[in-house]
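Visitor: Here it is, the structure in full.
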Amino acid sequence: MPSFWDITPLFRDHSFAGRSLIFFDSLDSTNLFLLKHPELLKEKGLVVATKRQTAGIGRKGRKWEEGCGRHLFCSFVVHSRLPSSFISSITLIGGLSVYEALLRIGAKGLSIKWPNDILINGKKVCGILCQKPTIEDIEAIIIGIGVNISGDSSQFSKNLHKKATTLEENGIKITRHELLKTVSKKLEENLRVAHKDGLTPLISRWKEASDSIGKRVRFLKNGDSSAGTILDIDFDGALIVRTDADKILRVESGEIEYREYQREKPFI
Ligand code: BT5
């Protein structure tokens, strides 16, 4: 382990998330930092966080904007004993954990948009990017979490002014460190549940928290764009959608776009 990174203990009793912390003033991206330093992936429960993040990444080559406020940018190294095909479930557990952490600190109007956006009153306050490094004999998953804490959405690029929000804009004042600790505790708690009792209790909490079920969506499947209604979410974290042509499809990952907001009865 390189000695020039100051790894400090965070929660010594945690097995999955937030056992120790490396904190930077500035990084390009906390996820990229871990990918560039695979030896750190051996460090069970490590979380890397930074004050400034100059080249944050989202899914599919998209960017995560840092704004100019005080925000949370962090990446957890999780040594999961869940099957590796469960990476999408880990994304859901990450989303549920941030959602529940934000509830705990008093946020109102929260919802989860599949698979990984946390919204306040329909605006994105948090994005999550899970990555599974392909490195021999290291079984770790990186859960990268960005939460907008301070200022308002005008600090982001113009196309986000109506789509993004911050905790402060919603009346919540919290330090980065306090939020990191609350998220670590929730993530630890939920990963313990997943390993002990399986995904059922988490998926049902996720469904309650999500505003996705019953919504009309447009989605991509095998490169084709279709429309339908979200009926359910399965144990691998995939969406079950009834298309307008009355086909039931499983949508594993990719894009969904809410088309209309009329609700239909959830599928049982
Ligand atoms: C995500 O991707 O939402 C995952 C973002 C993960 C960011 C964290 S920060 C710590 C860690 N290190 C990293 O480098 N990344 C992770 P995606 O679903 O692809 O959404 C990206 C889209 O969200 C962009 O195209 C914008 O539309 C929007 N967006 C970008 N920055 C935002 C922000 N600060 N707040 C709200 N929305 C934002």
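FYI, nothing fancy with the structure tokens labels: chains A, B, ... in order, residues from 1 per chain, ligands from 1 as they appear.
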Select from chain A every residue with an atom at most 6 Å from any atom of ligand 1, then for each give the shortest pair of atoms and their distance in Å to one decimal, using only C-alpha atoms and all ligand atoms, rows by chain and rising number, as JSON lines.
Guide:
{"residue": "A:Ser29", "atom": "CA", "partner": "ligand 1", "partner_atom_place_in_ligand_line": "14 (O)", "distance": 4.0}
{"residue": "A:Thr30", "atom": "CA", "partner": "ligand 1", "partner_atom_place_in_ligand_line": "12 (N)", "distance": 4.3}
{"residue": "A:Asn31", "atom": "CA", "partner": "ligand 1", "partner_atom_place_in_ligand_line": "12 (N)", "distance": 4.4}
{"residue": "A:Gly56", "atom": "CA", "partner": "ligand 1", "partner_atom_place_in_ligand_line": "14 (O)", "distance": 3.4}
{"residue": "A:Ile57", "atom": "CA", "partner": "ligand 1", "partner_atom_place_in_ligand_line": "14 (O)", "distance": 3.8}
{"residue": "A:Gly58", "atom": "CA", "partner": "ligand 1", "partner_atom_place_in_ligand_line": "2 (O)", "distance": 3.3}
{"residue": "A:Arg59", "atom": "CA", "partner": "ligand 1", "partner_atom_place_in_ligand_line": "19 (O)", "distance": 3.6}
{"residue": "A:Arg62", "atom": "CA", "partner": "ligand 1", "partner_atom_place_in_ligand_line": "25 (O)", "distance": 5.0}
{"residue": "A:Lys63", "atom": "CA", "partner": "ligand 1", "partner_atom_place_in_ligand_line": "24 (C)", "distance": 5.4}
{"residue": "A:Trp64", "atom": "CA", "partner": "ligand 1", "partner_atom_place_in_ligand_line": "31 (N)", "distance": 3.7}
{"residue": "A:Glu65", "atom": "CA", "partner": "ligand 1", "partner_atom_place_in_ligand_line": "31 (N)", "distance": 3.8}
{"residue": "A:Glu66", "atom": "CA", "partner": "ligand 1", "partner_atom_place_in_ligand_line": "34 (N)", "distance": 5.5}
{"residue": "A:Phe73", "atom": "CA", "partner": "ligand 1", "partner_atom_place_in_ligand_line": "10 (C)", "distance": 4.1}
{"residue": "A:Cys74", "atom": "CA", "partner": "ligand 1", "partner_atom_place_in_ligand_line": "10 (C)", "distance": 4.5}
{"residue": "A:Ser75", "atom": "CA", "partner": "ligand 1", "partner_atom_place_in_ligand_line": "11 (C)", "distance": 5.5}
{"residue": "A:Asp117", "atom": "CA", "partner": "ligand 1", "partner_atom_place_in_ligand_line": "3 (O)", "distance": 6.0}
{"residue": "A:Lys124", "atom": "CA", "partner": "ligand 1", "partner_atom_place_in_ligand_line": "36 (C)", "distance": 4.8}
{"residue": "A:Val125", "atom": "CA", "partner": "ligand 1", "partner_atom_place_in_ligand_line": "36 (C)", "distance": 5.4}
{"residue": "A:Gly127", "atom": "CA", "partner": "ligand 1", "partner_atom_place_in_ligand_line": "3 (O)", "distance": 3.3}
{"residue": "A:Ile128", "atom": "CA", "partner": "ligand 1", "partner_atom_place_in_ligand_line": "4 (C)", "distance": 4.2}
{"residue": "A:Leu129", "atom": "CA", "partner": "ligand 1", "partner_atom_place_in_ligand_line": "4 (C)", "distance": 4.4}
{"residue": "A:Gly144", "atom": "CA", "partner": "ligand 1", "partner_atom_place_in_ligand_line": "11 (C)", "distance": 3.8}
{"residue": "A:Ile145", "atom": "CA", "partner": "ligand 1", "partner_atom_place_in_ligand_line": "8 (C)", "distance": 4.2}
{"residue": "A:Gly146", "atom": "CA", "partner": "ligand 1", "partner_atom_place_in_ligand_line": "9 (S)", "distance": 3.6}
{"residue": "A:Asn148", "atom": "CA", "partner": "ligand 1", "partner_atom_place_in_ligand_line": "34 (N)", "distance": 5.9}
{"residue": "A:Ala164", "atom": "CA", "partner": "ligand 1", "partner_atom_place_in_ligand_line": "36 (C)", "distance": 4.2}
Visitor: Just the residues within 12 Å of Arg192 (chain A), please, counting only C-alpha atoms, with nothing from its chain fewer than 6 positions along; format it as a list in words.
Guide: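 Near Arg192 (chain A), the qualifying residues are His14, Ser15, Phe16, Ala17, Val78, His79, Ser80, Arg81, Leu82, Ile93, Ser97, Lys185, Lys186, Gly198, Leu199, Pro201 and Leu202 of chain A.
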Visitor: What would the file look like if the residues just selected were written as a PDB file, in the first residue's frame with C-alpha atoms?
Guide:
ATOM      1  CA  HIS A  14     -17.970  -1.330   9.243  1.00  0.00           C
ATOM      2  CA  SER A  15     -17.395  -4.336   6.992  1.00  0.00           C
ATOM      3  CA  PHE A  16     -18.563  -2.962   3.633  1.00  0.00           C
ATOM      4  CA  ALA A  17     -18.590   0.825   3.431  1.00  0.00           C
ATOM      5  CA  VAL A  78     -17.196  -2.456  -1.717  1.00  0.00           C
ATOM      6  CA  HIS A  79     -16.061  -6.040  -1.333  1.00  0.00           C
ATOM      7  CA  SER A  80     -19.355  -7.692  -1.941  1.00  0.00           C
ATOM      8  CA  ARG A  81     -19.905 -11.391  -1.608  1.00  0.00           C
ATOM      9  CA  LEU A  82     -23.024 -11.024  -3.743  1.00  0.00           C
ATOM     10  CA  ILE A  93     -28.581  -0.492  -3.027  1.00  0.00           C
ATOM     11  CA  SER A  97     -28.860   4.146   0.710  1.00  0.00           C
ATOM     12  CA  LYS A 185     -23.830   4.259   7.723  1.00  0.00           C
ATOM     13  CA  LYS A 186     -26.839   3.653   5.470  1.00  0.00           C
ATOM     14  CA  GLY A 198     -31.013 -11.186   0.439  1.00  0.00           C
ATOM     15  CA  LEU A 199     -32.357  -8.465  -1.782  1.00  0.00           C
ATOM     16  CA  PRO A 201     -36.430  -6.280   1.670  1.00  0.00           C
ATOM     17  CA  LEU A 202     -34.233  -3.794  -0.174  1.00  0.00           C
TER      18      LEU A 202
END
Visitor: Could you give me, as number ranges by chain, each residue of region 190-246 of chain A that DSSP assigns to strand (DSSP E or B) when run on this structure's backbone?
Guide: A: 210, 216-221, 224-233, 239-243
Visitor: Could you give me, as a list in words, the residues within 9 Å of Ile90 (chain A), counting only C-alpha atoms and dropping anything in the same chain fewer than 5 positions from it?
Guide: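 Final neighbour list, sorted by chain and number: Ser80, Leu82, Gly95, Cys130, Ile141, Ile143, Leu191 and Gly237 of chain A.
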Visitor: Can I get the selected residues back with all heavy atoms, as an mmCIF file, in the first residue's frame?
Guide:
data_model
loop_
_atom_site.group_PDB
_atom_site.id
_atom_site.type_symbol
_atom_site.label_atom_id
_atom_site.label_comp_id
_atom_site.auth_asym_id
_atom_site.auth_seq_id
_atom_site.Cartn_x
_atom_site.Cartn_y
_atom_site.Cartn_z
ATOM 1 N N SER A 80 -18.077 -7.022 -2.130
ATOM 2 C CA SER A 80 -19.355 -7.692 -1.941
ATOM 3 C C SER A 80 -19.179 -9.181 -2.136
ATOM 4 O O SER A 80 -18.403 -9.601 -2.980
ATOM 5 C CB SER A 80 -20.333 -7.142 -2.977
ATOM 6 O OG SER A 80 -21.406 -8.001 -3.116
ATOM 7 N N LEU A 82 -21.875 -10.756 -2.881
ATOM 8 C CA LEU A 82 -23.024 -11.024 -3.743
ATOM 9 C C LEU A 82 -22.495 -11.475 -5.108
ATOM 10 O O LEU A 82 -21.397 -11.076 -5.503
ATOM 11 C CB LEU A 82 -23.867 -9.755 -3.924
ATOM 12 C CG LEU A 82 -24.505 -9.175 -2.663
ATOM 13 C CD1 LEU A 82 -25.091 -7.792 -2.937
ATOM 14 C CD2 LEU A 82 -25.590 -10.100 -2.137
ATOM 15 N N GLY A 95 -28.345 3.615 -4.522
ATOM 16 C CA GLY A 95 -29.396 4.639 -4.648
ATOM 17 C C GLY A 95 -30.300 4.661 -3.429
ATOM 18 O O GLY A 95 -30.586 5.730 -2.873
ATOM 19 N N CYS A 130 -21.779 3.099 -10.600
ATOM 20 C CA CYS A 130 -21.100 1.892 -10.103
ATOM 21 C C CYS A 130 -20.228 1.332 -11.205
ATOM 22 O O CYS A 130 -20.666 1.243 -12.356
ATOM 23 C CB CYS A 130 -22.128 0.834 -9.714
ATOM 24 S SG CYS A 130 -23.001 1.276 -8.229
ATOM 25 N N ILE A 141 -16.292 -3.584 -6.080
ATOM 26 C CA ILE A 141 -17.172 -2.724 -6.873
ATOM 27 C C ILE A 141 -16.975 -1.304 -6.366
ATOM 28 O O ILE A 141 -16.868 -1.070 -5.156
ATOM 29 C CB ILE A 141 -18.643 -3.165 -6.718
ATOM 30 C CG1 ILE A 141 -18.832 -4.542 -7.377
ATOM 31 C CG2 ILE A 141 -19.602 -2.153 -7.345
ATOM 32 C CD1 ILE A 141 -20.173 -5.168 -7.125
ATOM 33 N N ILE A 143 -18.559 2.268 -5.928
ATOM 34 C CA ILE A 143 -19.840 2.995 -5.953
ATOM 35 C C ILE A 143 -19.515 4.482 -5.825
ATOM 36 O O ILE A 143 -19.147 4.961 -4.747
ATOM 37 C CB ILE A 143 -20.776 2.573 -4.787
ATOM 38 C CG1 ILE A 143 -20.982 1.050 -4.780
ATOM 39 C CG2 ILE A 143 -22.122 3.299 -4.895
ATOM 40 C CD1 ILE A 143 -21.932 0.570 -3.676
ATOM 41 N N LEU A 191 -26.034 -2.965 2.915
ATOM 42 C CA LEU A 191 -25.225 -4.070 2.377
ATOM 43 C C LEU A 191 -25.235 -5.248 3.346
ATOM 44 O O LEU A 191 -25.229 -6.403 2.935
ATOM 45 C CB LEU A 191 -23.800 -3.596 2.072
ATOM 46 C CG LEU A 191 -23.697 -2.725 0.808
ATOM 47 C CD1 LEU A 191 -22.369 -1.974 0.758
ATOM 48 C CD2 LEU A 191 -23.856 -3.565 -0.460
ATOM 49 N N GLY A 237 -32.422 -5.954 -10.617
ATOM 50 C CA GLY A 237 -32.494 -4.514 -10.798
ATOM 51 C C GLY A 237 -32.966 -4.107 -12.175
ATOM 52 O O GLY A 237 -32.894 -2.931 -12.538
#
Visitor: Which residues are near Arg70 (chain A)? Cut-off 9 Å, only C-alpha atoms, ignore same chain within fewer than 5 positions. Put them as a PyMOL selection string.
Guide: chain A and resi 51-52+148-151+175-176
Visitor: Using all heavy atoms, can you export the residues from the last selection as a PDB file, in the first residue's frame?
Guide:
ATOM      1  N   LYS A  51     -12.778  17.482  -2.127  1.00  0.00           N
ATOM      2  CA  LYS A  51     -13.523  18.751  -2.052  1.00  0.00           C
ATOM      3  C   LYS A  51     -13.907  19.230  -3.440  1.00  0.00           C
ATOM      4  O   LYS A  51     -14.993  19.708  -3.675  1.00  0.00           O
ATOM      5  CB  LYS A  51     -12.618  19.838  -1.430  1.00  0.00           C
ATOM      6  CG  LYS A  51     -12.531  19.805   0.055  1.00  0.00           C
ATOM      7  CD  LYS A  51     -11.780  21.049   0.528  1.00  0.00           C
ATOM      8  CE  LYS A  51     -11.302  20.863   1.937  1.00  0.00           C
ATOM      9  NZ  LYS A  51     -10.367  21.924   2.359  1.00  0.00           N
ATOM     10  N   ARG A  52     -12.936  19.143  -4.357  1.00  0.00           N
ATOM     11  CA  ARG A  52     -13.176  19.582  -5.745  1.00  0.00           C
ATOM     12  C   ARG A  52     -13.019  18.368  -6.643  1.00  0.00           C
ATOM     13  O   ARG A  52     -12.127  17.550  -6.442  1.00  0.00           O
ATOM     14  CB  ARG A  52     -12.134  20.622  -6.176  1.00  0.00           C
ATOM     15  CG  ARG A  52     -12.037  21.869  -5.327  1.00  0.00           C
ATOM     16  CD  ARG A  52     -13.078  22.899  -5.720  1.00  0.00           C
ATOM     17  NE  ARG A  52     -13.307  22.956  -7.165  1.00  0.00           N
ATOM     18  CZ  ARG A  52     -12.614  23.709  -8.016  1.00  0.00           C
ATOM     19  NH1 ARG A  52     -11.629  24.464  -7.609  1.00  0.00           N
ATOM     20  NH2 ARG A  52     -12.918  23.695  -9.313  1.00  0.00           N
ATOM     21  N   ASN A 148     -25.249  17.111  -4.619  1.00  0.00           N
ATOM     22  CA  ASN A 148     -25.137  18.570  -4.623  1.00  0.00           C
ATOM     23  C   ASN A 148     -25.588  19.091  -3.263  1.00  0.00           C
ATOM     24  O   ASN A 148     -26.735  18.900  -2.870  1.00  0.00           O
ATOM     25  CB  ASN A 148     -26.043  19.174  -5.697  1.00  0.00           C
ATOM     26  CG  ASN A 148     -25.723  18.638  -7.086  1.00  0.00           C
ATOM     27  OD1 ASN A 148     -24.579  18.324  -7.386  1.00  0.00           O
ATOM     28  ND2 ASN A 148     -26.737  18.552  -7.938  1.00  0.00           N
ATOM     29  N   ILE A 149     -24.680  19.768  -2.578  1.00  0.00           N
ATOM     30  CA  ILE A 149     -25.027  20.223  -1.221  1.00  0.00           C
ATOM     31  C   ILE A 149     -25.418  21.702  -1.188  1.00  0.00           C
ATOM     32  O   ILE A 149     -26.502  22.065  -0.769  1.00  0.00           O
ATOM     33  CB  ILE A 149     -23.863  19.959  -0.222  1.00  0.00           C
ATOM     34  CG1 ILE A 149     -23.554  18.449  -0.127  1.00  0.00           C
ATOM     35  CG2 ILE A 149     -24.224  20.517   1.162  1.00  0.00           C
ATOM     36  CD1 ILE A 149     -22.451  18.076   0.850  1.00  0.00           C
ATOM     37  N   SER A 150     -24.493  22.561  -1.632  1.00  0.00           N
ATOM     38  CA  SER A 150     -24.736  23.981  -1.355  1.00  0.00           C
ATOM     39  C   SER A 150     -24.993  24.804  -2.614  1.00  0.00           C
ATOM     40  O   SER A 150     -24.759  24.350  -3.729  1.00  0.00           O
ATOM     41  CB  SER A 150     -23.554  24.562  -0.578  1.00  0.00           C
ATOM     42  OG  SER A 150     -22.470  24.741  -1.453  1.00  0.00           O
ATOM     43  N   GLY A 151     -25.472  26.016  -2.407  1.00  0.00           N
ATOM     44  CA  GLY A 151     -25.776  26.910  -3.522  1.00  0.00           C
ATOM     45  C   GLY A 151     -27.077  26.487  -4.195  1.00  0.00           C
ATOM     46  O   GLY A 151     -27.861  25.735  -3.641  1.00  0.00           O
ATOM     47  N   THR A 175     -22.786  19.553   6.477  1.00  0.00           N
ATOM     48  CA  THR A 175     -21.416  19.592   5.979  1.00  0.00           C
ATOM     49  C   THR A 175     -21.177  18.342   5.113  1.00  0.00           C
ATOM     50  O   THR A 175     -21.867  17.333   5.252  1.00  0.00           O
ATOM     51  CB  THR A 175     -20.383  19.589   7.127  1.00  0.00           C
ATOM     52  OG1 THR A 175     -20.490  18.345   7.818  1.00  0.00           O
ATOM     53  CG2 THR A 175     -20.598  20.748   8.084  1.00  0.00           C
ATOM     54  N   ARG A 176     -20.178  18.454   4.286  1.00  0.00           N
ATOM     55  CA  ARG A 176     -19.797  17.322   3.424  1.00  0.00           C
ATOM     56  C   ARG A 176     -19.461  16.096   4.270  1.00  0.00           C
ATOM     57  O   ARG A 176     -19.872  14.987   3.975  1.00  0.00           O
ATOM     58  CB  ARG A 176     -18.570  17.781   2.614  1.00  0.00           C
ATOM     59  CG  ARG A 176     -18.046  16.794   1.647  1.00  0.00           C
ATOM     60  CD  ARG A 176     -16.723  17.250   1.090  1.00  0.00           C
ATOM     61  NE  ARG A 176     -16.824  18.425   0.240  1.00  0.00           N
ATOM     62  CZ  ARG A 176     -16.233  19.580   0.486  1.00  0.00           C
ATOM     63  NH1 ARG A 176     -15.509  19.763   1.582  1.00  0.00           N
ATOM     64  NH2 ARG A 176     -16.337  20.592  -0.354  1.00  0.00           N
TER      65      ARG A 176
END
